[in-house]
Amino acid sequence: MSKTFKIAIIGAGGIANAHMAAAKDSGGRVEVVAVVDPIQESRSKLVAAAGQAADFADVDALIKARKGGLVVEGVLVCTPPSVRVKIVEKCLKAGLPVLSEKPLASTLKDAKKLASLARKYKKVPTAIGYCHRFTPALHEMNRMAASGELGTIVRFENFFACDLPGHQSKWFSDPKKAGGGAFLDMGSHSIDLFHAMIGPGKPIASVFSNKWKGRTETAATVVLKGSKKRNANIGAGVPGVIISGWAESSRFTVALVGDKAMVSYDYENPEVITVKDLLGKADVRPIKTCGVRFTDQLVAFANVVQIKANNTGLATFEDGLAAAMVGEQAAKLAKKK
Ligand SMILES: NC(=O)c1ccc[n+]([C@@H]2O[C@H](COP(=O)([O-])OP(=O)(O)OC[C@H]3O[C@@H](n4cnc5c(N)ncnc54)[C@H](O)[C@@H]3O)[C@@H](O)[C@H]2O)c1
């Protein structure tokens, strides 16, 4: 076991708390030693959750303290995507590995800039937090598809939707700051999952709707079509149905549908996967909870930085750019009458 990996969290809002809990669940493998946020109250709360950590109002102060001897081996960027480019650039320039929250950026232009920064500073590890890649059930679904148990895969289905009324007054739905709505927020996870489980694809249909006047979309229904054969059972052309929503009943499900059987996972019933045959007979099998995904993602980041581990399953900035390109194409399709 490697020594403890010491990280700073930049952006002490909602998701930072999930990462703090994940670090605490890592059995000492990952420790949050610094918190950066311009809002004193936010960083103080996160420092309290850490027990003990340095805190800074901006990334320059963090980098200065590191030069002065504070040990920080990587950063976890949990800010809104619109402010990330400068932060990531400063960290990479200082030689600090970056795990950035999804989506990579709020605009395709910024996503391209970030991917080019990762190429420029290629010796400094970068990754994007498409945490669902660390959901054990999805690995099992991939294994089942590859084994032929499901037959030929005919569809990928992914619903990430729930009611988030608070988003109406937050940056999340501000068209100028967010760059997109429910589809960029939740759908970007789904696009990445399609890429990771089926392969590259293009949107062929896209419908967005908006419950909140003057804000971004609150619901998206997008159909992707795969463009490359992945294995004997996942050919080119597999369609994916992606449902994203901020103002509807909650569904967090992923399914692979084959011509022999289908397998589905429900994040709201996280310790089982269900395999159904063509007659609808269900076989409910135990599986490790999706609750491990943030911790496993942090440990993968630690392993990449400290022991130069390969094939950890972490999404790269190039994966983030690929998702951003599909997201942009889907948003354009949705605007067409
Ligand atoms: N992986 C997931 O499942 C998941 C879930 C929720 C959110 N997210 C993503 O995490 C990111 C943050 O979301 P959130 O819900 O935590 O948002 P939030 O608004 O709750 O928190 C953002 C924090 O960033 C801080 N911040 C703003 N500008 C900053 C700067 N220049 N330097 C340092 N800190 C700054 C804000 O003060 C705030 O505390 C988003 O990209 C979001 O899409 C991912």
# chains A, B, ... in the order shown; residues from 1 in each chain; ligands from 1

$ residues_around --residues "Lys225 in chain A" --least-positions-apart "5" --cutoff "7 Å" --atoms "only C-alpha atoms" --output "ChimeraX atom specification"
/A:201-204,237-240

$ write_last_selection --atoms "N, CA and C atoms" --output "PDB file, in the first residue's frame"
ATOM      1  N   GLY A 201     -20.080   7.563 -30.411  1.00  0.00           N
ATOM      2  CA  GLY A 201     -21.402   7.645 -31.041  1.00  0.00           C
ATOM      3  C   GLY A 201     -21.762   9.068 -31.400  1.00  0.00           C
ATOM      4  N   LYS A 202     -22.861   9.187 -32.150  1.00  0.00           N
ATOM      5  CA  LYS A 202     -23.341  10.517 -32.560  1.00  0.00           C
ATOM      6  C   LYS A 202     -24.798  10.658 -32.183  1.00  0.00           C
ATOM      7  N   PRO A 203     -25.229  11.875 -31.802  1.00  0.00           N
ATOM      8  CA  PRO A 203     -26.657  12.054 -31.547  1.00  0.00           C
ATOM      9  C   PRO A 203     -27.439  12.074 -32.857  1.00  0.00           C
ATOM     10  N   ILE A 204     -28.561  11.346 -32.904  1.00  0.00           N
ATOM     11  CA  ILE A 204     -29.375  11.372 -34.128  1.00  0.00           C
ATOM     12  C   ILE A 204     -30.748  11.988 -33.872  1.00  0.00           C
ATOM     13  N   GLY A 237     -23.441   0.826 -34.502  1.00  0.00           N
ATOM     14  CA  GLY A 237     -24.837   1.206 -34.732  1.00  0.00           C
ATOM     15  C   GLY A 237     -25.779   0.938 -33.575  1.00  0.00           C
ATOM     16  N   VAL A 238     -25.252   0.488 -32.423  1.00  0.00           N
ATOM     17  CA  VAL A 238     -26.139   0.282 -31.265  1.00  0.00           C
ATOM     18  C   VAL A 238     -26.694   1.641 -30.811  1.00  0.00           C
ATOM     19  N   PRO A 239     -28.015   1.758 -30.657  1.00  0.00           N
ATOM     20  CA  PRO A 239     -28.563   3.033 -30.201  1.00  0.00           C
ATOM     21  C   PRO A 239     -28.545   3.159 -28.675  1.00  0.00           C
ATOM     22  N   GLY A 240     -28.478   4.398 -28.223  1.00  0.00           N
ATOM     23  CA  GLY A 240     -28.557   4.682 -26.793  1.00  0.00           C
ATOM     24  C   GLY A 240     -29.632   5.718 -26.546  1.00  0.00           C
TER      25      GLY A 240
END

$ closest_atom_pairs --of "chain A" --to "ligand 1" --cutoff "7 Å" --atoms "only C-alpha atoms and all ligand atoms" --output "JSON lines"
{"residue": "A:Ile10", "atom": "CA", "partner": "ligand 1", "partner_atom_place_in_ligand_line": "33 (C)", "distance": 5.0}
{"residue": "A:Gly11", "atom": "CA", "partner": "ligand 1", "partner_atom_place_in_ligand_line": "24 (O)", "distance": 3.5}
{"residue": "A:Ala12", "atom": "CA", "partner": "ligand 1", "partner_atom_place_in_ligand_line": "39 (O)", "distance": 4.2}
{"residue": "A:Gly13", "atom": "CA", "partner": "ligand 1", "partner_atom_place_in_ligand_line": "21 (O)", "distance": 3.2}
{"residue": "A:Gly14", "atom": "CA", "partner": "ligand 1", "partner_atom_place_in_ligand_line": "16 (O)", "distance": 3.6}
{"residue": "A:Ile15", "atom": "CA", "partner": "ligand 1", "partner_atom_place_in_ligand_line": "16 (O)", "distance": 3.8}
{"residue": "A:Ala16", "atom": "CA", "partner": "ligand 1", "partner_atom_place_in_ligand_line": "16 (O)", "distance": 5.7}
{"residue": "A:Val36", "atom": "CA", "partner": "ligand 1", "partner_atom_place_in_ligand_line": "33 (C)", "distance": 5.4}
{"residue": "A:Asp37", "atom": "CA", "partner": "ligand 1", "partner_atom_place_in_ligand_line": "34 (N)", "distance": 3.8}
{"residue": "A:Pro38", "atom": "CA", "partner": "ligand 1", "partner_atom_place_in_ligand_line": "34 (N)", "distance": 5.7}
{"residue": "A:Ile39", "atom": "CA", "partner": "ligand 1", "partner_atom_place_in_ligand_line": "37 (O)", "distance": 5.4}
{"residue": "A:Ser42", "atom": "CA", "partner": "ligand 1", "partner_atom_place_in_ligand_line": "39 (O)", "distance": 5.7}
{"residue": "A:Asp58", "atom": "CA", "partner": "ligand 1", "partner_atom_place_in_ligand_line": "32 (N)", "distance": 5.5}
{"residue": "A:Val59", "atom": "CA", "partner": "ligand 1", "partner_atom_place_in_ligand_line": "32 (N)", "distance": 6.6}
{"residue": "A:Cys78", "atom": "CA", "partner": "ligand 1", "partner_atom_place_in_ligand_line": "12 (C)", "distance": 4.6}
{"residue": "A:Thr79", "atom": "CA", "partner": "ligand 1", "partner_atom_place_in_ligand_line": "24 (O)", "distance": 3.7}
{"residue": "A:Pro80", "atom": "CA", "partner": "ligand 1", "partner_atom_place_in_ligand_line": "41 (O)", "distance": 4.6}
{"residue": "A:Pro81", "atom": "CA", "partner": "ligand 1", "partner_atom_place_in_ligand_line": "41 (O)", "distance": 4.9}
{"residue": "A:Val83", "atom": "CA", "partner": "ligand 1", "partner_atom_place_in_ligand_line": "31 (N)", "distance": 5.7}
{"residue": "A:Glu101", "atom": "CA", "partner": "ligand 1", "partner_atom_place_in_ligand_line": "10 (O)", "distance": 5.0}
{"residue": "A:Lys102", "atom": "CA", "partner": "ligand 1", "partner_atom_place_in_ligand_line": "41 (O)", "distance": 5.0}
{"residue": "A:Pro103", "atom": "CA", "partner": "ligand 1", "partner_atom_place_in_ligand_line": "41 (O)", "distance": 5.6}
{"residue": "A:Gly129", "atom": "CA", "partner": "ligand 1", "partner_atom_place_in_ligand_line": "1 (N)", "distance": 5.9}
{"residue": "A:Tyr130", "atom": "CA", "partner": "ligand 1", "partner_atom_place_in_ligand_line": "1 (N)", "distance": 6.1}
{"residue": "A:Cys131", "atom": "CA", "partner": "ligand 1", "partner_atom_place_in_ligand_line": "1 (N)", "distance": 5.6}
{"residue": "A:Trp171", "atom": "CA", "partner": "ligand 1", "partner_atom_place_in_ligand_line": "19 (O)", "distance": 7.0}
{"residue": "A:Asp185", "atom": "CA", "partner": "ligand 1", "partner_atom_place_in_ligand_line": "43 (O)", "distance": 5.3}

$ atom_distance --atom1 "CA of Asp319 in chain A" --atom2 "CA of Ala205 in chain A"
21.7 Å

$ closest_residue --among "A:Asn210, A:Ser264, A:Ser82, A:Thr107" --to "Asn142 in chain A" --atoms "only C-alpha atoms"
A:Ser264

$ select_by_dssp --residues "range 39-148 of chain A" --states "helix (DSSP H, G or I)" --output "number ranges by chain"
A: 40-50, 59-67, 81-93, 108-120, 131-134, 136-147

$ atom_distance --atom1 "CA of Asp277 in chain A" --atom2 "CA of Ile242 in chain A"
22.8 Å

$ select_by_dssp --residues "range 2-196 of chain A" --states "strand (DSSP E or B)" --output "PyMOL selection string"
chain A and resi 5-10+30-36+54-56+74-77+98-100+126-128+153-163
